[in-house]
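What follows is a short report on a single structure.
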Amino acid sequence: MPPSRRKTSTADAAGPEKLAAIVPYVPTAGDGGVVIDVEGSLVDSSGAGENLPALDRTGQTARVAAATFERDGYKHLIKAAEAVYSYPANGSRLSLPAQKMLNFMIHLAGSQNFANKLYRLPKKVVRGNHKGNERIFDAVKEIYESSLVVIGPFRGRRSRAELRILSSYVRPEDEVESDSVDIHFQFTDAFLELQRSSQLWARLSGPAMVKVTSTYALKLYEIGMQRYQMDHPSLTLDIETLRKLLNVPEGAYKDFGILRTRTIDRAMAEVNQLAPFRVEMPEEKMKRKGRKIEEVTLTFHAKDEDEAADTFLERERSSVGRKTRREAGEGTAKPALATARPLPEPAPPLPDADDAEALWAAARHALSQKQVPGPLLRDLSVVAIEETARGTRKLVLRAGHAATAETARRSHEATMRSVLSSLTSGSIAEVEFLAARTGR
């Protein structure tokens, strides 16, 4: 029996909950496209295959995903580059909640090297993007009913693959409003193989991803996170491929000028406000045929220290008014340092490594205005943002020299705590100084 047709027993997933059914994917006579089987061949809907060399089943993406999940949980999400550059088949599109949920699902599977099994995703992980169980399971159903098109090298040759995403999922009969009802799902063999054999990936920030408000911006963010630290961080696309990648509805915005103003420009503005990179679409790199734009180039560049600090501050601000600030050109304007709001309930996720660096960059700028010596600030580097035993949060810094840590602790700790509290609206109000490593 082909892997994509395997059914899943409810024995492992049902537990004490009442489950309506596990819904298996059973291909119909009308299914088209190409799927990848796990035996190392390309198989079309008629069953005909090609004898191609198998890929390494434990690619770099799988190893990075497992290590990242163990270290960071859902703070960072690893997604194979092949999945980043995929798009829904047959002119369909995934909603924004479904796209975000799929990223969490992929990351969870990556924690176990994309094993073929029934996974259980805690509902509280995606609760922030879905109101009510009905909408959560509607998003799962949407993913289950979708296929993705991937165009790229498979087993040594360029191919077009159409992959079903989920082989099954579980929906409780009684969708009670409780976080104890988890999301149970299983990927198809073909989709798992895509992730398992991948050698390139995107490292998404969970806290940043959940704040993106459009499907166009989310896809642009994913592409940028995969490319912006590369040696040549640009991507040239024909207009039709760009439309598909951005999840633009089929037939909508046929004129490039309208497509640009309604989708591309807005997506770039939102991504530039929230991401650690800037994305641009230079006019001089557009390929024209007469008056028609046939091809564009997207460029992705890491933000400098000041821009990264501004981005962190914007992400810490309330989402209320973010669109207005963006459209007004304020973008990531810094809030006044004297304004401090109480720690929100519940506390937001711990900032990721990029955010910690950006926070320290903003703090250094503020501290330099308060007569804290520049050499001392430059001798301190970020370790992490951590929870304390009292349930608060602290910025952990490492000093290059033992004297630096002692001086900072004795003479400047109170000032640093005040600045950190102001920058983060009270969510980070403590600082710890570690001495230089032995032998440094």
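Numbering starts fresh at 1 for the residues of each chain in the structure tokens, the chains themselves are lettered A, B, ... in the order given, and ligands are numbered from 1 as they appear.
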Tell me which protein, DNA and RNA residues are within 12 Å of A:Arg364, counting only C-alpha atoms, leaving out same-chain ones fewer than 4 positions away, and put them as an mmCIF file with N, CA and C atoms, in the first residue's frame.
data_model
loop_
_atom_site.group_PDB
_atom_site.id
_atom_site.type_symbol
_atom_site.label_atom_id
_atom_site.label_comp_id
_atom_site.auth_asym_id
_atom_site.auth_seq_id
_atom_site.Cartn_x
_atom_site.Cartn_y
_atom_site.Cartn_z
ATOM 1 N N GLU A 305 22.557 47.784 13.743
ATOM 2 C CA GLU A 305 22.278 47.716 15.179
ATOM 3 C C GLU A 305 21.124 48.627 15.587
ATOM 4 N N ASP A 306 21.105 49.852 15.088
ATOM 5 C CA ASP A 306 20.043 50.786 15.465
ATOM 6 C C ASP A 306 18.692 50.335 14.932
ATOM 7 N N ALA A 309 17.413 47.454 16.970
ATOM 8 C CA ALA A 309 16.888 47.916 18.256
ATOM 9 C C ALA A 309 15.493 48.499 18.086
ATOM 10 N N GLU A 357 19.691 40.572 21.482
ATOM 11 C CA GLU A 357 20.757 41.426 20.952
ATOM 12 C C GLU A 357 20.222 42.824 20.654
ATOM 13 N N ALA A 358 19.019 42.885 20.087
ATOM 14 C CA ALA A 358 18.429 44.175 19.752
ATOM 15 C C ALA A 358 18.112 44.970 21.017
ATOM 16 N N LEU A 359 17.625 44.282 22.054
ATOM 17 C CA LEU A 359 17.343 44.959 23.314
ATOM 18 C C LEU A 359 18.613 45.554 23.899
ATOM 19 N N TRP A 360 19.700 44.810 23.876
ATOM 20 C CA TRP A 360 20.952 45.317 24.438
ATOM 21 C C TRP A 360 21.477 46.484 23.606
ATOM 22 N N SER A 368 24.288 55.194 27.302
ATOM 23 C CA SER A 368 25.353 56.136 26.940
ATOM 24 C C SER A 368 24.924 57.577 27.200
ATOM 25 N N GLN A 369 23.594 57.811 27.196
ATOM 26 C CA GLN A 369 23.081 59.147 27.503
ATOM 27 C C GLN A 369 23.025 59.404 29.003
ATOM 28 N N LYS A 370 23.275 58.364 29.772
ATOM 29 C CA LYS A 370 23.226 58.484 31.238
ATOM 30 C C LYS A 370 24.621 58.370 31.855
ATOM 31 N N GLN A 371 25.633 58.688 31.046
ATOM 32 C CA GLN A 371 27.018 58.745 31.505
ATOM 33 C C GLN A 371 27.574 57.393 31.960
ATOM 34 N N VAL A 372 27.018 56.298 31.476
ATOM 35 C CA VAL A 372 27.639 55.003 31.717
ATOM 36 C C VAL A 372 28.801 54.891 30.724
ATOM 37 N N PRO A 373 30.010 54.600 31.177
ATOM 38 C CA PRO A 373 31.192 54.609 30.297
ATOM 39 C C PRO A 373 31.029 53.710 29.071
ATOM 40 N N GLY A 374 31.393 54.246 27.910
ATOM 41 C CA GLY A 374 31.304 53.482 26.669
ATOM 42 C C GLY A 374 32.160 52.233 26.669
ATOM 43 N N PRO A 375 33.420 52.283 27.133
ATOM 44 C CA PRO A 375 34.245 51.071 27.160
ATOM 45 C C PRO A 375 33.619 49.958 27.992
ATOM 46 N N LEU A 376 32.973 50.333 29.096
ATOM 47 C CA LEU A 376 32.325 49.328 29.928
ATOM 48 C C LEU A 376 31.185 48.666 29.160
ATOM 49 N N LEU A 377 30.376 49.458 28.472
ATOM 50 C CA LEU A 377 29.250 48.909 27.715
ATOM 51 C C LEU A 377 29.737 48.001 26.596
ATOM 52 N N ARG A 378 30.822 48.398 25.931
ATOM 53 C CA ARG A 378 31.332 47.585 24.818
ATOM 54 C C ARG A 378 31.955 46.277 25.287
ATOM 55 N N ASP A 379 32.339 46.213 26.569
ATOM 56 C CA ASP A 379 32.952 44.998 27.104
ATOM 57 C C ASP A 379 31.911 43.994 27.587
ATOM 58 N N LEU A 380 30.636 44.356 27.512
ATOM 59 C CA LEU A 380 29.552 43.464 27.928
ATOM 60 C C LEU A 380 28.848 42.913 26.696
ATOM 61 N N SER A 381 28.614 41.604 26.685
ATOM 62 C CA SER A 381 27.911 40.966 25.565
ATOM 63 C C SER A 381 26.722 40.173 26.077
ATOM 64 N N VAL A 382 25.735 39.996 25.205
ATOM 65 C CA VAL A 382 24.497 39.315 25.587
ATOM 66 C C VAL A 382 24.699 37.808 25.676
ATOM 67 N N THR A 415 20.956 51.732 37.304
ATOM 68 C CA THR A 415 20.650 52.471 36.078
ATOM 69 C C THR A 415 20.249 51.515 34.965
ATOM 70 N N MET A 416 20.962 50.401 34.852
ATOM 71 C CA MET A 416 20.649 49.431 33.799
ATOM 72 C C MET A 416 19.270 48.820 34.011
ATOM 73 N N VAL A 419 16.634 51.329 32.893
ATOM 74 C CA VAL A 419 16.544 51.459 31.443
ATOM 75 C C VAL A 419 15.876 50.232 30.824
ATOM 76 N N LEU A 420 16.264 49.042 31.271
ATOM 77 C CA LEU A 420 15.654 47.815 30.742
ATOM 78 C C LEU A 420 14.159 47.785 31.007
ATOM 79 N N LEU A 423 12.467 50.234 28.570
ATOM 80 C CA LEU A 423 12.464 49.762 27.192
ATOM 81 C C LEU A 423 11.471 48.638 26.960
#
Skipping near chain neighbours, those fewer than 4 positions away, what residues fall within 8 Å of A:Phe433 using only C-alpha atoms, listed as a PDB file with N, CA, C and O atoms, in the first residue's frame?
ATOM      1  N   VAL A 396      20.887  38.635  30.873  1.00  0.00           N
ATOM      2  CA  VAL A 396      22.169  38.102  31.339  1.00  0.00           C
ATOM      3  C   VAL A 396      23.268  38.588  30.400  1.00  0.00           C
ATOM      4  O   VAL A 396      23.197  38.374  29.183  1.00  0.00           O
ATOM      5  N   LEU A 397      24.282  39.258  30.973  1.00  0.00           N
ATOM      6  CA  LEU A 397      25.395  39.799  30.209  1.00  0.00           C
ATOM      7  C   LEU A 397      26.703  39.163  30.669  1.00  0.00           C
ATOM      8  O   LEU A 397      26.859  38.855  31.851  1.00  0.00           O
ATOM      9  N   ARG A 398      27.620  38.979  29.732  1.00  0.00           N
ATOM     10  CA  ARG A 398      28.931  38.444  30.081  1.00  0.00           C
ATOM     11  C   ARG A 398      29.980  39.531  29.870  1.00  0.00           C
ATOM     12  O   ARG A 398      30.003  40.203  28.845  1.00  0.00           O
ATOM     13  N   ALA A 399      30.825  39.712  30.874  1.00  0.00           N
ATOM     14  CA  ALA A 399      31.881  40.718  30.797  1.00  0.00           C
ATOM     15  C   ALA A 399      33.142  40.122  30.204  1.00  0.00           C
ATOM     16  O   ALA A 399      33.486  38.963  30.471  1.00  0.00           O
ATOM     17  N   ALA A 405      32.690  43.324  35.120  1.00  0.00           N
ATOM     18  CA  ALA A 405      31.514  42.797  35.801  1.00  0.00           C
ATOM     19  C   ALA A 405      31.359  43.419  37.183  1.00  0.00           C
ATOM     20  O   ALA A 405      30.254  43.799  37.596  1.00  0.00           O
ATOM     21  N   ALA A 408      30.305  47.184  36.823  1.00  0.00           N
ATOM     22  CA  ALA A 408      28.917  47.297  36.375  1.00  0.00           C
ATOM     23  C   ALA A 408      27.963  46.954  37.505  1.00  0.00           C
ATOM     24  O   ALA A 408      26.951  47.638  37.716  1.00  0.00           O
ATOM     25  N   ARG A 409      28.291  45.905  38.263  1.00  0.00           N
ATOM     26  CA  ARG A 409      27.425  45.472  39.365  1.00  0.00           C
ATOM     27  C   ARG A 409      27.391  46.518  40.478  1.00  0.00           C
ATOM     28  O   ARG A 409      26.339  46.813  41.047  1.00  0.00           O
TER      29      ARG A 409
END
Show me, as an mmCIF file with N, CA and C atoms, in the first residue's frame, the residues that have an atom within 9 Å of A:Thr392 when counting only C-alpha atoms, minus same-chain residues fewer than 6 positions from it.
data_model
loop_
_atom_site.group_PDB
_atom_site.id
_atom_site.type_symbol
_atom_site.label_atom_id
_atom_site.label_comp_id
_atom_site.auth_asym_id
_atom_site.auth_seq_id
_atom_site.Cartn_x
_atom_site.Cartn_y
_atom_site.Cartn_z
ATOM 1 N N GLU A 386 16.441 35.418 30.569
ATOM 2 C CA GLU A 386 16.032 34.235 31.329
ATOM 3 C C GLU A 386 14.966 34.581 32.357
ATOM 4 N N SER A 427 8.620 44.409 31.484
ATOM 5 C CA SER A 427 8.687 42.942 31.399
ATOM 6 C C SER A 427 10.078 42.405 31.735
ATOM 7 N N ILE A 428 11.123 43.222 31.571
ATOM 8 C CA ILE A 428 12.488 42.824 31.940
ATOM 9 C C ILE A 428 13.047 43.942 32.815
ATOM 10 N N ALA A 429 13.248 43.643 34.082
ATOM 11 C CA ALA A 429 13.653 44.701 35.019
ATOM 12 C C ALA A 429 14.875 44.324 35.836
ATOM 13 N N GLU A 430 15.545 43.242 35.463
ATOM 14 C CA GLU A 430 16.728 42.816 36.200
ATOM 15 C C GLU A 430 17.868 42.527 35.224
#
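The interatomic distance for the pair atom CA of A:Arg196 and atom CA of A:Ala62 works out to 5.4 Å.
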Do a neighbour search on stretch 200-203 of chain A at 12 Å with only C-alpha atoms, toss out local chain neighbours closer than 3 positions, and write the hits as number ranges by chain. A: 59-65, 68-69, 72, 74-85, 103, 106-107, 110, 194-197, 206, 208-209, 219-230, 275-276, 352-354
So which bits of stretch 240-428 of chain A end up helix (DSSP H, G or I) when you DSSP the backbone, as JSON, numbers by chain? {"A": [240, 241, 242, 243, 244, 245, 256, 257, 258, 259, 260, 261, 262, 263, 264, 265, 266, 267, 268, 269, 270, 271, 272, 273, 274, 283, 284, 285, 305, 306, 307, 308, 309, 310, 311, 312, 313, 314, 315, 316, 322, 323, 324, 325, 326, 327, 353, 354, 355, 356, 357, 358, 359, 360, 361, 362, 363, 364, 365, 366, 367, 368, 374, 375, 376, 377, 378, 402, 403, 404, 405, 406, 407, 408, 409, 410, 411, 412, 413, 414, 415, 416, 417, 418, 419, 420, 421, 422, 423]}
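Minimum distance to A:Asp265 across A:Ala217, A:Val248, A:Ala98, A:Leu235 (counting only C-alpha atoms) occurs at A:Ala217.
Of note, atom CA of A:His301 and atom CA of A:Phe277 are spaced 5.3 Å apart.
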Polymer residues at most 7 Å from stretch 279-291 of chain A, only C-alpha atoms, same-chain spacing of 5 or more positions, as a ChimeraX atom specification: /A:268,272,296-301
Suppose we keep N, CA, C and O atoms; can you now write the selection as a short mmCIF file (atom, residue, chain, number, x, y, z; two decimals), in the first residue's frame?
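Output contents, as saved in result39.cif:
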data_model
loop_
_atom_site.label_atom_id
_atom_site.label_comp_id
_atom_site.auth_asym_id
_atom_site.auth_seq_id
_atom_site.Cartn_x
_atom_site.Cartn_y
_atom_site.Cartn_z
N MET A 268 5.84 44.16 2.23
CA MET A 268 7.20 44.61 2.52
C MET A 268 7.21 45.58 3.70
O MET A 268 8.09 45.50 4.56
N ASN A 272 9.24 44.75 7.06
CA ASN A 272 10.31 45.66 7.46
C ASN A 272 10.10 46.21 8.86
O ASN A 272 11.05 46.60 9.54
N VAL A 296 10.89 40.46 -11.31
CA VAL A 296 11.36 41.38 -10.27
C VAL A 296 12.40 40.67 -9.42
O VAL A 296 12.48 39.43 -9.40
N THR A 297 13.18 41.46 -8.71
CA THR A 297 14.18 40.92 -7.78
C THR A 297 13.90 41.46 -6.39
O THR A 297 13.77 42.67 -6.20
N LEU A 298 13.81 40.56 -5.44
CA LEU A 298 13.66 40.93 -4.03
C LEU A 298 15.02 40.84 -3.37
O LEU A 298 15.73 39.84 -3.53
N THR A 299 15.40 41.86 -2.64
CA THR A 299 16.68 41.85 -1.92
C THR A 299 16.41 41.86 -0.43
O THR A 299 15.49 42.53 0.05
N PHE A 300 17.22 41.12 0.31
CA PHE A 300 17.06 40.98 1.77
C PHE A 300 18.39 41.32 2.43
O PHE A 300 19.41 40.71 2.11
N HIS A 301 18.38 42.28 3.35
CA HIS A 301 19.61 42.69 4.02
C HIS A 301 19.37 42.80 5.53
O HIS A 301 18.36 43.36 5.96
#
